[in-house]
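Below is one structure, written out as structure tokens, with a few remarks after it.
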Amino acid sequence: MNPPAGNGRMSSLEMRASLSLALLFALRMLGLFIILPVFAADAPRLAGGDDLVLVGLALGAYGFTQGIFQIPFGMASDRYGRKRLIVFGLVLFAAGSFIAAFASSIYSVIIGRAVQGAGAISAAVTALAADFTREEHRTKAMAMIGGSIGLTFAVSLVAAPALYGRIGLGGIFGITGALALAGIWVTARVVPPEPHGGAARRTRPGALGEVLRNADQLRLNFGIFSLHAAQIAIFLVVPVALVRYAGIEVSEHWKVYLPVVIGSFVLAVPLLLHAERRGRTRFLFLSSIVLLLSVELGLAVCLDDPRMVFVLLLAFFVAFNVLEASLPALVSRLAPLSSRGTALGVYNTTQSLGLFAGGAAGGWLAKHFGETAAFVFGIAIAALWLVVALGMRTPVEATERTFSIRAGVDPVALREELLRLRGVRDVAVAADKGVVRLRVYPESFDAESASKLIEGETNGIGQ
């Protein structure tokens, strides 16, 4: 089931897998995003909902349990298969949604959100997308998933206020539960069968420790933590500010969010395509962090100015869309196939902990020091991220390494093993010519492991 070597275009299998997993991810993320535009303004209707700390915990509880379970889910998906873990996680998410749908107090919502988060499938979904795609197309696949997150965010911002006016917060939670059940159908019927025949996998010993010691992956993990912490803190305050300073009722907030989100896609997509063509990915990445920092500064100063809030929201979504598409592609590129689920589990754990930190810290700061304090928190975390990201190495183009092999080598098995190594983009085994050619990323290629593996099958050396 490995995609065939291509001509620069995604194969039909890669396209189907990428689109279906993006759809699945979108259904899943809707449960997180769809309450953001309305929850803070609606929470006082619930028993205990007038406490901003508890409101922040309700928003962040999802991220807390996600943070606990992402790594176990990712590691389990390496061993037992991605799709099994995805279905199990969607069942938990649906259960949590229905608990929150019938909640009459803020405490019940916190419990429901925690159960939702326990279905931590993000690592399994992104690892499955990486399994299906070749290195040269993985950025496209991850961009589809990242784009689906941005699109889901956009749909949530527009649809949530309208739905809230008709079915209330409980009805919105009920819809997210139904969509999670629909996600199970998508997993079973639309997502292609898993590569490698669905055979049980062996998690490579030491994979977790290797991921946790990789400096570049740590930078990316801190980045996704910071992005989502800032996101939750912003939407803890902005919906209330739109009501207070702009006089826009919650059910009418879509009139603000719709043009902002559409405009952000119009701006972000060309930037991503241009940066990839011109080799300016690092520049765009760092520029987006600077833009995020500028948004936090602007909101801290101009929260009572509706026009400036509109402009700053547009800037936020441009930065969010660029960063959300870039980060998982970089993580999957650094991780070897055999521990990709583990690496993405760590990545999604820090993402989820960012959600929790943004909700908990933002709510506590807003309660004790006023709304502006939530943006000061965002300023601090974005500035720290910028400092950390400056040390990131600039990705370089893949280069070719050639090794000689002896007659009688199983080319399929050898290619399969070599593709599992970190930094390997593609493998071509020409048994009739006695060579194997690797396309590798020099900055992350595990040359020592490649040599040991090939020497076990070959007599060769080579450059």
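Letters A, B, ... go to the chains of the structure tokens in the order shown; residues in each chain start at 1; ligands are counted from 1 in the same order.
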Sorted per-residue table, stretch 156-192 of chain A near stretch 40-52 of chain A, closest atoms and distance, 12 Å, only C-alpha atoms, as a Markdown table:
| residue | atom | partner | partner_atom | distance |
| --- | --- | --- | --- | --- |
| A:Ala160 | CA | A:Asp42 | CA | 11.8 |
| A:Pro161 | CA | A:Ala41 | CA | 10.7 |
| A:Tyr164 | CA | A:Asp42 | CA | 9.2 |
| A:Gly165 | CA | A:Asp42 | CA | 11.0 |
| A:Gly168 | CA | A:Asp42 | CA | 9.0 |
| A:Leu169 | CA | A:Asp42 | CA | 7.7 |
| A:Gly170 | CA | A:Asp42 | CA | 10.8 |
List the neighbours of A:Val38 out to 12 Å using only C-alpha atoms; skip same-chain residues closer than 5 positions along the sequence, and give me the result as a PyMOL selection string.
-> chain A and resi 33+43-45+55+59+156-165+168-170+172-173+235-243+249-254
Emit the selected residues as an mmCIF file, in the first residue's frame, including N, CA and C atoms.
data_model
loop_
_atom_site.group_PDB
_atom_site.id
_atom_site.type_symbol
_atom_site.label_atom_id
_atom_site.label_comp_id
_atom_site.auth_asym_id
_atom_site.auth_seq_id
_atom_site.Cartn_x
_atom_site.Cartn_y
_atom_site.Cartn_z
ATOM 1 N N PHE A 33 -13.432 23.918 18.735
ATOM 2 C CA PHE A 33 -13.543 25.300 18.306
ATOM 3 C C PHE A 33 -14.948 25.887 18.403
ATOM 4 N N ALA A 43 -21.532 31.388 29.599
ATOM 5 C CA ALA A 43 -21.241 30.670 30.841
ATOM 6 C C ALA A 43 -21.992 31.178 32.066
ATOM 7 N N PRO A 44 -22.231 32.498 32.233
ATOM 8 C CA PRO A 44 -22.963 32.949 33.421
ATOM 9 C C PRO A 44 -24.354 32.341 33.578
ATOM 10 N N ARG A 45 -24.910 31.746 32.529
ATOM 11 C CA ARG A 45 -26.209 31.089 32.631
ATOM 12 C C ARG A 45 -26.126 29.786 33.421
ATOM 13 N N VAL A 55 -14.558 29.170 34.086
ATOM 14 C CA VAL A 55 -14.799 29.260 32.645
ATOM 15 C C VAL A 55 -13.524 28.883 31.885
ATOM 16 N N LEU A 59 -12.847 25.639 29.298
ATOM 17 C CA LEU A 59 -12.238 25.713 27.975
ATOM 18 C C LEU A 59 -10.963 24.879 27.904
ATOM 19 N N SER A 156 -16.622 27.354 12.664
ATOM 20 C CA SER A 156 -17.081 27.457 14.049
ATOM 21 C C SER A 156 -17.409 28.901 14.421
ATOM 22 N N LEU A 157 -16.519 29.801 14.044
ATOM 23 C CA LEU A 157 -16.718 31.204 14.388
ATOM 24 C C LEU A 157 -17.978 31.773 13.743
ATOM 25 N N VAL A 158 -18.288 31.297 12.541
ATOM 26 C CA VAL A 158 -19.461 31.791 11.836
ATOM 27 C C VAL A 158 -20.734 31.064 12.288
ATOM 28 N N ALA A 159 -20.629 29.722 12.415
ATOM 29 C CA ALA A 159 -21.825 28.926 12.695
ATOM 30 C C ALA A 159 -22.245 28.969 14.159
ATOM 31 N N ALA A 160 -21.275 29.022 15.075
ATOM 32 C CA ALA A 160 -21.609 28.939 16.493
ATOM 33 C C ALA A 160 -22.587 30.019 16.946
ATOM 34 N N PRO A 161 -22.364 31.298 16.618
ATOM 35 C CA PRO A 161 -23.338 32.305 17.063
ATOM 36 C C PRO A 161 -24.742 32.060 16.515
ATOM 37 N N ALA A 162 -24.835 31.633 15.242
ATOM 38 C CA ALA A 162 -26.153 31.371 14.661
ATOM 39 C C ALA A 162 -26.812 30.165 15.328
ATOM 40 N N LEU A 163 -26.040 29.098 15.539
ATOM 41 C CA LEU A 163 -26.589 27.916 16.204
ATOM 42 C C LEU A 163 -26.992 28.227 17.643
ATOM 43 N N TYR A 164 -26.175 29.035 18.305
ATOM 44 C CA TYR A 164 -26.463 29.403 19.686
ATOM 45 C C TYR A 164 -27.822 30.084 19.803
ATOM 46 N N GLY A 165 -28.144 30.938 18.841
ATOM 47 C CA GLY A 165 -29.423 31.634 18.879
ATOM 48 C C GLY A 165 -30.608 30.711 18.683
ATOM 49 N N GLY A 168 -29.052 26.815 21.469
ATOM 50 C CA GLY A 168 -28.355 27.004 22.731
ATOM 51 C C GLY A 168 -27.054 26.226 22.808
ATOM 52 N N LEU A 169 -26.344 26.422 23.906
ATOM 53 C CA LEU A 169 -25.048 25.779 24.081
ATOM 54 C C LEU A 169 -25.168 24.258 24.150
ATOM 55 N N GLY A 170 -26.216 23.756 24.833
ATOM 56 C CA GLY A 170 -26.412 22.312 24.925
ATOM 57 C C GLY A 170 -26.604 21.680 23.565
ATOM 58 N N ILE A 172 -25.410 22.785 20.747
ATOM 59 C CA ILE A 172 -24.122 22.801 20.051
ATOM 60 C C ILE A 172 -23.267 21.618 20.485
ATOM 61 N N PHE A 173 -23.246 21.339 21.783
ATOM 62 C CA PHE A 173 -22.502 20.167 22.262
ATOM 63 C C PHE A 173 -23.084 18.882 21.677
ATOM 64 N N PHE A 235 -9.667 34.112 22.800
ATOM 65 C CA PHE A 235 -11.109 33.880 22.695
ATOM 66 C C PHE A 235 -11.789 33.701 24.044
ATOM 67 N N LEU A 236 -11.023 33.820 25.104
ATOM 68 C CA LEU A 236 -11.611 33.957 26.424
ATOM 69 C C LEU A 236 -12.101 35.385 26.645
ATOM 70 N N VAL A 237 -11.502 36.338 25.925
ATOM 71 C CA VAL A 237 -11.778 37.762 26.147
ATOM 72 C C VAL A 237 -12.526 38.419 24.981
ATOM 73 N N VAL A 238 -12.130 38.113 23.746
ATOM 74 C CA VAL A 238 -12.671 38.828 22.584
ATOM 75 C C VAL A 238 -14.192 38.719 22.447
ATOM 76 N N PRO A 239 -14.826 37.532 22.603
ATOM 77 C CA PRO A 239 -16.294 37.493 22.466
ATOM 78 C C PRO A 239 -17.007 38.430 23.435
ATOM 79 N N VAL A 240 -16.526 38.499 24.672
ATOM 80 C CA VAL A 240 -17.129 39.407 25.662
ATOM 81 C C VAL A 240 -16.887 40.857 25.261
ATOM 82 N N ALA A 241 -15.697 41.154 24.735
ATOM 83 C CA ALA A 241 -15.377 42.522 24.325
ATOM 84 C C ALA A 241 -16.254 42.975 23.161
ATOM 85 N N LEU A 242 -16.577 42.071 22.236
ATOM 86 C CA LEU A 242 -17.449 42.435 21.118
ATOM 87 C C LEU A 242 -18.843 42.823 21.600
ATOM 88 N N VAL A 243 -19.302 42.149 22.636
ATOM 89 C CA VAL A 243 -20.603 42.509 23.213
ATOM 90 C C VAL A 243 -20.507 43.842 23.948
ATOM 91 N N GLU A 249 -24.428 41.485 19.695
ATOM 92 C CA GLU A 249 -24.890 40.321 20.443
ATOM 93 C C GLU A 249 -24.171 39.064 19.962
ATOM 94 N N VAL A 250 -24.098 38.067 20.841
ATOM 95 C CA VAL A 250 -23.363 36.845 20.518
ATOM 96 C C VAL A 250 -23.875 36.207 19.233
ATOM 97 N N SER A 251 -25.178 36.183 19.017
ATOM 98 C CA SER A 251 -25.757 35.555 17.834
ATOM 99 C C SER A 251 -25.391 36.284 16.544
ATOM 100 N N GLU A 252 -24.829 37.506 16.652
ATOM 101 C CA GLU A 252 -24.455 38.292 15.476
ATOM 102 C C GLU A 252 -22.939 38.352 15.252
ATOM 103 N N HIS A 253 -22.184 37.649 16.075
ATOM 104 C CA HIS A 253 -20.729 37.713 15.957
ATOM 105 C C HIS A 253 -20.215 37.160 14.630
ATOM 106 N N TRP A 254 -21.018 36.329 13.960
ATOM 107 C CA TRP A 254 -20.582 35.779 12.687
ATOM 108 C C TRP A 254 -20.323 36.889 11.663
#
Per residue of stretch 111-217 of chain A within 10 Å of stretch 368-392 of chain A, which atom pair is closest and at what distance in Å (one decimal), using only C-alpha atoms, listed by chain and increasing number, as JSON lines?
{"residue": "A:Ala215", "atom": "CA", "partner": "A:Met392", "partner_atom": "CA", "distance": 8.7}
{"residue": "A:Asp216", "atom": "CA", "partner": "A:Met392", "partner_atom": "CA", "distance": 6.3}
{"residue": "A:Gln217", "atom": "CA", "partner": "A:Met392", "partner_atom": "CA", "distance": 9.4}
Using only C-alpha atoms, which of the listed residues (A:Leu23, A:Ile232, A:Ala58, A:Val412) sits closest to A:Val429?
->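 Looking only at the distances to A:Val429, the closest residue turns out to be A:Val412.
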Can you work out which one of A:Gly345, A:Pro411, A:Gly89, A:Gly60 has the shortest atom-to-atom distance to A:Ile184, counting only C-alpha atoms?
->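 Of the candidates, the smallest distance to A:Ile184 is held by A:Gly89.
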Excluding A:Ser264 and residues on its chain fewer than 3 positions from it, collect all residues at most 12 Å away from it, counting only C-alpha atoms, and give them as number ranges by chain.
-> A: 147, 150-151, 153-154, 257-261, 267-271, 310-322
Contacts of A:His228 at 9 Å or less, counting only C-alpha atoms, minus same-chain residues fewer than 2 places along, as JSON, numbers by chain?
-> {"A": [223, 224, 225, 226, 230, 231, 232, 233, 351, 352, 353, 354, 355, 356, 357, 358]}
